[in-house]
Structures are given as C-alpha cells and as structure tokens.
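**Q** Let me begin by handing over the structure; questions about it come next.
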Amino acid sequence: MNNTIKLNVNGKEHHVNVAQDTPLLYVLRNELQLNGPKFGCGLQQCGACMVIKDGESVLSCRLPIAAVAKSKIRTLEGLADESGKLHRVQQAFVDEQAAQCGYCLNGLIMASVALLEKNKKPSDAEIRKKLATNICRCGVHSRVIKAVKKAATKS
Amino acid sequence: MGSTRRDFIKQIGYVSIGFSMMGTTCIAGNNYFDAKLQNTLDKDRINAWLQILENGKIRIFTGKIELGQGIRVAVMQMAAEELNTDPNLIEVHIAETGITPDEGFTAGSHSIESSAVSIRNAAASAREIILKIASQKWDTPVSQLWLKDGKVMGPQKEMTLYELLEGRQIEKNVEKVSEYKGKTIRKFVGQPIQRKDIEAMVRGHQVFVQDLRFPNMVHGRVVRPPSYTSNLISVDEAEIKKLPGFLKLVRKGSFVGVLAKEEYQAVKLMVKGKQVTTWNSPENLPASFDLKDHIKSLPADIEIHETKGDAEASLEQSKTRLSASFYKPYIMHAANGPSCAVALFKDAKLYVWSHCQGAYPLRRTLAKLLKMAEDDVQVKGVPGSGCFGHNGANDVATEAALMAIEYPERHVRLQWTREDEHGWEPYGTAMIVDLQAGLDDKGKINGWQCNLWSDGHSNRPNGNPNTLLPAQFLEENYGSPGIGYRGGAVRNAAPYYIIPNLKIQSHIFQGPLRASSLRSLGTYTNVWAIESFMDELAHKANKDPLEFRLLHSEDERAITCMQKLKANLASVSISEGEGLGYAFSRYKNTTSYCAMAAQVLIDRSKGRLQVKKMWAVVDAGETINPDGLRNQMEGGMIQSASWALKEEVRFDAKHVTSLDWNTYPILRFPDTPEVEVEIIDRVDQPPMGAGEAAQAPATSAIVNAIFNATGIRIRRLPVNSDLFKI
C-alpha cells in the first residue's frame, strides 16, 4: 500500500508515493534518482548509505521513510554550492585522491562532513572513531584520514 | 527509439551507458559513435586502440575494465605522452564487446603490462604515421613537424588530426617505433596525474553499474537456496503474487528469481519467497572437522612443480634443520558494494551491463549457457565496487540475463544482497604450505623442500557455463566446474633466493567451498610461509633477518629494494611491547619487487595487537603514475593486514555462515596501520602492475613483527591473539 510522503532533501521538498516502510535509501536512489547514497549491506553495518539527517550522520538503508517526513535530509549531492564548487571535504578527497573503487566515498564524505560540523579540529583518533562505521575494502584509509585533516584546515 | 535516446547518451562517469554500436538497431545504444568511426577489433591495428574524433579529441579503447586500480588514467597518460596531447582531450572507452579489443580478463596486475603498453605502442605508431602524412602533404621534413593537443604542427602551419586524416582512421598495423616519448620526455607519463573519476564520484554522478537507470526498468532479487547442492521442492507462487508490485516469478530448475516494479517491493518478494519455498538441502559440508586436517585428507592431484639439485639428500646432511606448517583459511573478496547487473532481452538479442573482469569471456560463457549466438550477446563493462578478483559479478549478470529472457523488452536490474555476496561468491581457497629447510656450516640455506595443498585458484567463466553460479541450479546438468586453473597454487611457491637444492610439490584438492581467483592467488600463502620461514632460519643462523635475505639474493633490483627499506627504517626505534618485521617478494618471481616492514604493538596482558605502521619499497619497473602505484600499494598493505588479523570464511554443515560484516569482520578505521611507500622508478625497464605486489609481503612482515615482539611464530591465519596473551 503506497502513500504520498513529504520529504525534504537537500533543501527541496519532494512528494513521493511509496509504501511507508520503504527505507529512505531506496527512495533517495530510485524515486529521487540520487547516486550518492549507496546500497552496501542493508544491515546498517557498512556506512555506504550514509546521509545527514538534521545534522547527524545516519544510515539510510533501514530507516523507514515515514520516520523522516519531518526531517531535513542532506545527501552527497547537496554538498557542493550552487555554482558547483565542491564542499571542502569533497575537494580534500579529490586532492588526496582518497579513493580506489570509490564505492565507500559517499559514506566517508558524509560522516566526515558531519564530524567537522561538530568538531572543527578532530584528532586522528577522533577521525578514526567517527569513521569506524564505514567499511572500505580497497584500503584507502590512510588517504581518507589525510583528506579529513586537510579539510579541517580549510574551515 | 528517439524518445529514449537522450537517456542513453548520458555519461556515467566517463563511460556512455548505452551500448555503442548495435548495427542498425540502436535499441539500447545511442548515436554516441559515428558509424564511420566503427573500429576494428584486430589488436594489431592502430585503430583498434585509438581513434581520432571530429571534435578534436582522441578516443582510446582498452579491453580492460576500471576496477579502482586507475587503468583509465594510466592508459590516458600513455596516449597523451606519445601524441603530446592534453589528457583532457583524451577519452577512454573501457571493455565492451564488439567495441574494444578482446583483452581477456582484467586480472593478475596485468593491465599496465598489456593494455597500457599496447596503447603506448599504438599511439607512438600513430604519431609516426601522422607525421609522415603531414610531411607529404606539406612537403616538409618530418623533423620540422610535431604533434600538439590533437593537432599536427609545422612551420607556420597547423591542422587538426581529423582534418589531416580527412575523417579516416589509422588502419595500419602497430609497429615498433624509434622513440617512445614516455621513456624520454615524460611530460605526462611518470607524473601523478589525478584520476578524473574521483571527482565524478564525490559529486554523486552516475559512475557504477549500481547507478544505471533506464526507463521502465524493473527490479529483481534472487530467492537463494539454503546450500550449494539444494534442490527446489516447491514454491508457493500464489503467496508471492499477493504482494504489491509483483511482476513475475522466474523459476528455472532450482533457480528462483522475483521481479517487481519497485526495488523495495522486490526485496519484500524475496523475503516472502524464502518463507514459501521448500528445498531438499543435503548437509554435506565438513563443518565438524578442523579444516586444516580435512584438506590434507582430501584426494589430491600431486605434481612436482620444481626441483633443483637433491633437496632430500641435502636436508639429511644439514646439521641445522627446520620444518614448519602454515595454514591459511578461505578468505573472501567481500566487495563493499554487492554485485549488480542490468540485462535487457529484446528482438532475440541480449544486452548486459556488468562489472565483470572480462566482457568477452562473459559473453562467450553466457552465449553457451543460453544457447545463443555470441553475436547476439553484448556485454558492456561498467565499473562496480572493487572486486580483487573473481567475485559475484559474472553470476549476477547471468542471473539478470536469465530473468530478462523471461521478462523481455524491459531492462532488468538485479542487485545482490550482502548475504548473496558474502555467502555465494567464489572464495580464495584455504591452503597449507609445509616447509623444510637445512642450513650449512656457514648459516646459508643448503636445502629446501615445499609441499603445498591447495584447491585451484581460478574458475573464471570463459566458455564454460558451469563456472556461473546459477548454472548449478538449472535443470540441464552442466557438471561441476572442477578444480580449474592449478597454476595459481604454485605461484611464488619457489623462493626468490639462492638455494642450491630445492623441491616444490603441489597437492591439488577440490575443497568444500566454491573457490576462484582472489588477489595474488597462491602467492599470498606461499610467500607468507617462505618469508616467515626465512625469518625463522635467520634467527636460527643468528643473522639479522634482512641481512640473511640479502645473503641469499643475487638480483640487484631485489637487493636495492631491501637496502632502501633498511635505510628508510634506520631512524625507527621500537619501544616496549613493540616489534619490527621484514619481508620481501618479487610477485610471480617475474614482475614487481616489494620489500616490506611492519611495526606492531602488542599488549600481552590483554592479548591486543595493533599494526601501527607499515613501510614498503616497490620497484614496478617504469612508473606510469606514481600516485596510482602508491595507492595500489597502500591499499594492498591495509587489505593484507585485514586478511592477516581478521579474515576467515566460516561454515556449518549446510552452508557458509559468514554472511555479513559482523560474521566476517574486516579491519576498520580505528585499527588500520599508517602506511608509507617508496617507489623505485626504472624508466629503462618495462612497466609492471603492482596491484598484488604488496599482498603477501605485508602479512609476512606483520607476522615477523609479532615474532620480534613476542618470540611467537604465527603458523595459522588469521592471527590468533590468544597465542600471545599471558
């Protein structure tokens, strides 16, 4: 049974017609055609699907759409400014070439943005702790830590 | 077709999502290619690799796929250099049947050695031909002409390559040329040029096969059986049909798939499907045995791989003898993004979008399985999540194809679940390496004997349908894929050291779990065993472990790597509870050299181990992109640390039980080591890949560091911290 649900994503209001228990991830990817949030496990174990909900990084793969109707959601696509200039965290990931396959990038960037919004100068340990939710199989961890530290210097 | 063409012309990252050429029927394709630019597939011809476009750009074709290893930027650099053209004017088209040359599989760290070098040769040949044509046209000596940014230049003259060639392509053969600019000028080659796809990724552009969307696309899921040998008894279709969005239940033998309008509806159909199917599932996996004992008890095909001198006699004569047995469990690829594919069956033709490592091999195998002509099957390579070998990519593509045939005219997107990927991919096999060695009076190795036990290391699909997972569940009996390629087991089994008497023997078994190629194949276990043993022998001979290796080395490049590593570590001091370990290997004993060190910190009261830092020195011949090479090395070091410390595929009598990130943990951010890589760039040597060079030495250095800190040898992976807990 589908319902029309109101959703605020990247500052815009959307009305989507899906079942209430549909996880946010599926709505973002399929109804809103966003590529940022990724399906990684569907079990809240890997961080690929991360988005920022009301300022907190959250996993979207099991979060029912009905539960976020009153929230403000930010995705990877909402980070660059209107002119297309990358967010400092995105830019730092490009500068450090902090990717191999890049499948985990969405989660790592969203978690890092959420971290830097609360903690302007995180230590290595704080960065590592924050990113503990995120799986990276290619092993770009050391580059990612460098990228987050670099982004922190640009605040 | 006009109404949908727009969607197909869209770019995903740097790949067009539509098929490039479909003859006259452009159903899933686009007009992205001008018909007159249709290229040859003959690898001897220049235009199989390179085309001059009307818009001033140059298009490069590689038969390899981008797997995160950065092949796109490497081939672009090769072409940019030889044609003296801004990399932004070069487009790269990755593996696609009928469009790119058939370069087999993207595997074995071979993309640089094969594809990038082919493209260098083609571009250099093209340059010489272009200059000759311009020379004739302008009646000017070649020595006064040069190329720049897609143009040919001369005294007060310039012309685009497209104009010069009058729209034709260079159909001549690739020839040896007198100068490779990549070896002399190195304006682009050897430089850390950034990958363009990383910006596309951070912006959330369509990059991955998982991101493909087509009009009216439908979504599939597979109702996975309980075990490898399950037979379907019944499925209550009526129960599944009741759910919203139901489109079709695809049942073929014991293969069950569901199709729905929306993706999450397909998830629900799959969940319901699992509840309303009954199976006959024999419980025949050897769960009650220690796998190490079990694999030695299996029937084995025994072969002597290499002998030199008389290993047995020399061992008997040696005063100091050592023996040790090393065991590595099944390890999985565990792609971060589960495998995914899109398939379309239309007008008796099949189109498949896949992140497989071999577009042509998959086409051959699919055509055979589906009893179709190869020309009626098109496979387009689209990047997926990093695979590190043969994972579920081909399987999901086959399953999507089976479902698309049952639901024609619509794009069918099939996304594997995490459980599908963890539980059904072909793993890197468990292995045992038993070593014996003897030292002479001077503390040098006199004799060496190796017996190794392994399953085959490659069951890739290449015309053999039984290698595709769903084939095992169809009505037609395709038989077992068997052991597959046994050569992977003995890769690096012979030490790359001077040893006068040597015998290497392999025992190849068929193990209980599905197995195929995982990063570095048998090298990982063989080198781990050799390098642990070298460390142990050095200790026995009372020699410094690096000096002991140098004492047994004669290859100057190997020696240089080890000496540089030693110099780099000169100022590193270790504190209480810490240990330093070393390792060396030359991948395949013929390609990249890698010397490695690891520093560990061990809290014995808590049984806690931390790999603090790792250092590598790599010689991969001529470096094409130092940052790409460094990235591959760093990733290999961290992934290897994860294998060593965490990873083991577990199973019960019915099936694999490592089905998610909790039951198959890998190293995460709080525990990953700091990594440092030094590159020895040898411009005069051929370039080599390094995607697998770090894998074995990294684990070896870690276990040797554990010994250095605790005096305890690690003979079984993953490292059991109970061993050093006091």
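Naming works like this for the structure tokens: A, B, ... for the chains as they're shown, residue 1 at the start of each chain, ligands 1 onward in shown order.
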Can you build me a table of range 187-219 of chain B residues sitting at most 9 Å from range 93-113 of chain A, with the closest atom pair per residue and its distance in Å to one decimal, using only C-alpha atoms, sorted by chain and residue number, as a Markdown table?

**A**
| residue | atom | partner | partner_atom | distance |
| --- | --- | --- | --- | --- |
| B:Gln194 | CA | A:Gln97 | CA | 7.0 |
| B:Arg195 | CA | A:Gln97 | CA | 7.5 |
| B:Lys196 | CA | A:Val94 | CA | 8.9 |
| B:Asp197 | CA | A:Gly102 | CA | 8.9 |
| B:Ile198 | CA | A:Val94 | CA | 6.1 |
| B:Glu199 | CA | A:Val94 | CA | 5.9 |
| B:Met201 | CA | A:Gly102 | CA | 6.6 |
| B:Val202 | CA | A:Leu105 | CA | 6.8 |
| B:Gly204 | CA | A:Asn106 | CA | 7.7 |
| B:Phe208 | CA | A:Tyr103 | CA | 8.1 |

**Q** Distance cut-off 7 Å, counting only C-alpha atoms - which residues of chain A neighbour chain B? Return them as a count of residues only.

**A** 32

**Q** For Trp453 in chain B, please output as a list in words all residues within 9 Å (counting only C-alpha atoms; exclusion window: fewer than 6 positions along the same chain).

**A**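 Residues near the query, excluding close chain neighbours: Ile295, Lys296, Ala300, Ala430, Met431, Ile432, Val433, Asp434, Ala489, Gln505, Ser506, His507, Ile508 and Phe509 of chain B.
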
**Q** Between B:Gln436, B:Thr590, B:Asn394, B:Asn708, which is the closest to Arg363 in chain B once you count only C-alpha atoms?

**A** B:Asn394

**Q** Can you pull out every residue within 12 Å of Asn10 in chain A, counting only C-alpha atoms, but drop anything in the same chain fewer than 6 positions away, and send it as a PyMOL selection string?

**A** chain A and resi 28+32+34+51-55+71-82

**Q** Kindly export the residues of the current selection with C-alpha atoms, as a PDB file, in the first residue's frame.

**A**
ATOM      1  CA  LEU A  28      16.696   8.583  -2.499  1.00  0.00           C
ATOM      2  CA  LEU A  32      14.818  10.942  -6.375  1.00  0.00           C
ATOM      3  CA  LEU A  34      20.328  10.263  -6.454  1.00  0.00           C
ATOM      4  CA  VAL A  51      23.161  10.681   4.745  1.00  0.00           C
ATOM      5  CA  ILE A  52      22.934  13.620   7.137  1.00  0.00           C
ATOM      6  CA  LYS A  53      19.597  13.845   8.917  1.00  0.00           C
ATOM      7  CA  ASP A  54      19.033  17.039  10.881  1.00  0.00           C
ATOM      8  CA  GLY A  55      22.784  17.475  11.267  1.00  0.00           C
ATOM      9  CA  SER A  71      13.458  15.812   8.932  1.00  0.00           C
ATOM     10  CA  LYS A  72      15.891  17.693   6.772  1.00  0.00           C
ATOM     11  CA  ILE A  73      17.996  15.259   4.772  1.00  0.00           C
ATOM     12  CA  ARG A  74      21.310  16.128   3.143  1.00  0.00           C
ATOM     13  CA  THR A  75      22.987  13.844   0.675  1.00  0.00           C
ATOM     14  CA  LEU A  76      26.290  13.904  -1.177  1.00  0.00           C
ATOM     15  CA  GLU A  77      24.571  15.805  -3.972  1.00  0.00           C
ATOM     16  CA  GLY A  78      23.685  18.613  -1.572  1.00  0.00           C
ATOM     17  CA  LEU A  79      27.248  19.395  -0.505  1.00  0.00           C
ATOM     18  CA  ALA A  80      28.582  21.430  -3.427  1.00  0.00           C
ATOM     19  CA  ASP A  81      27.414  25.039  -3.575  1.00  0.00           C
ATOM     20  CA  GLU A  82      25.078  26.411  -6.230  1.00  0.00           C
TER      21      GLU A  82
END

**Q** Using only C-alpha atoms, which protein or nucleic acid residues come within 12 Å of Val258 in chain B? Drop anything in the same chain fewer than 4 positions from it, and give the result as a ChimeraX atom specification.

**A** /B:218-224,235,237,240-241,243,245-252,262-274,399-400,402-404,406-407,412-415

**Q** Running DSSP on the backbone, which parts of range 13-86 of chain A land in helix (DSSP H, G or I), as a VMD selection string?

**A** chain A and resid 24 to 31 65 to 68 76 to 78

**Q** Could you tell me how far CA of Arg120 in chain B lies from CA of Pro687 in chain B, in Å and to one decimal?

**A**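 Interatomic distance here is 11.3 Å.
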
**Q** Grab the CA of Glu547 in chain B to CA of Val683 in chain B distance for me, in Å with one decimal place.

**A**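 So the two atoms, CA of Glu547 in chain B and CA of Val683 in chain B, lie 27.9 Å apart.
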
**Q** Name the residues of range 38-122 of chain A that fall into strand (DSSP E) according to DSSP on the backbone, using the chain letters and numbers of this document, as an MDAnalysis selection string.

**A** chainID A and resid 50:53 56:59 72:74

**Q** Can I get the selection written as a PDB file, in the first residue's frame, with N, CA and C atoms?

**A**
ATOM      1  N   MET A  50      25.145   6.285   3.933  1.00  0.00           N
ATOM      2  CA  MET A  50      25.051   7.390   4.886  1.00  0.00           C
ATOM      3  C   MET A  50      24.507   8.691   4.281  1.00  0.00           C
ATOM      4  N   VAL A  51      23.652   9.340   5.066  1.00  0.00           N
ATOM      5  CA  VAL A  51      23.161  10.681   4.745  1.00  0.00           C
ATOM      6  C   VAL A  51      23.217  11.497   6.036  1.00  0.00           C
ATOM      7  N   ILE A  52      22.988  12.796   5.922  1.00  0.00           N
ATOM      8  CA  ILE A  52      22.934  13.620   7.137  1.00  0.00           C
ATOM      9  C   ILE A  52      21.472  13.988   7.382  1.00  0.00           C
ATOM     10  N   LYS A  53      20.995  13.585   8.554  1.00  0.00           N
ATOM     11  CA  LYS A  53      19.597  13.845   8.917  1.00  0.00           C
ATOM     12  C   LYS A  53      19.599  14.816  10.092  1.00  0.00           C
ATOM     13  N   GLU A  56      22.909  15.097  11.815  1.00  0.00           N
ATOM     14  CA  GLU A  56      23.589  13.881  12.288  1.00  0.00           C
ATOM     15  C   GLU A  56      23.774  12.921  11.123  1.00  0.00           C
ATOM     16  N   SER A  57      24.945  12.294  11.061  1.00  0.00           N
ATOM     17  CA  SER A  57      25.120  11.277  10.021  1.00  0.00           C
ATOM     18  C   SER A  57      24.356  10.016  10.434  1.00  0.00           C
ATOM     19  N   VAL A  58      23.539   9.521   9.525  1.00  0.00           N
ATOM     20  CA  VAL A  58      22.726   8.329   9.831  1.00  0.00           C
ATOM     21  C   VAL A  58      22.780   7.363   8.645  1.00  0.00           C
ATOM     22  N   LEU A  59      22.460   6.120   8.949  1.00  0.00           N
ATOM     23  CA  LEU A  59      22.428   5.084   7.910  1.00  0.00           C
ATOM     24  C   LEU A  59      21.015   5.034   7.349  1.00  0.00           C
ATOM     25  N   LYS A  72      15.169  17.108   7.906  1.00  0.00           N
ATOM     26  CA  LYS A  72      15.891  17.693   6.772  1.00  0.00           C
ATOM     27  C   LYS A  72      17.025  16.728   6.437  1.00  0.00           C
ATOM     28  N   ILE A  73      17.004  16.239   5.203  1.00  0.00           N
ATOM     29  CA  ILE A  73      17.996  15.259   4.772  1.00  0.00           C
ATOM     30  C   ILE A  73      18.999  15.935   3.849  1.00  0.00           C
ATOM     31  N   ARG A  74      20.283  15.672   4.088  1.00  0.00           N
ATOM     32  CA  ARG A  74      21.310  16.128   3.143  1.00  0.00           C
ATOM     33  C   ARG A  74      22.013  14.905   2.583  1.00  0.00           C
TER      34      ARG A  74
END

**Q** Grab the CA of Ser297 in chain B to CA of Thr467 in chain B distance for me, in Å with one decimal place.

**A**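 Computed distance, CA of Ser297 in chain B to CA of Thr467 in chain B, equals 25.1 Å.
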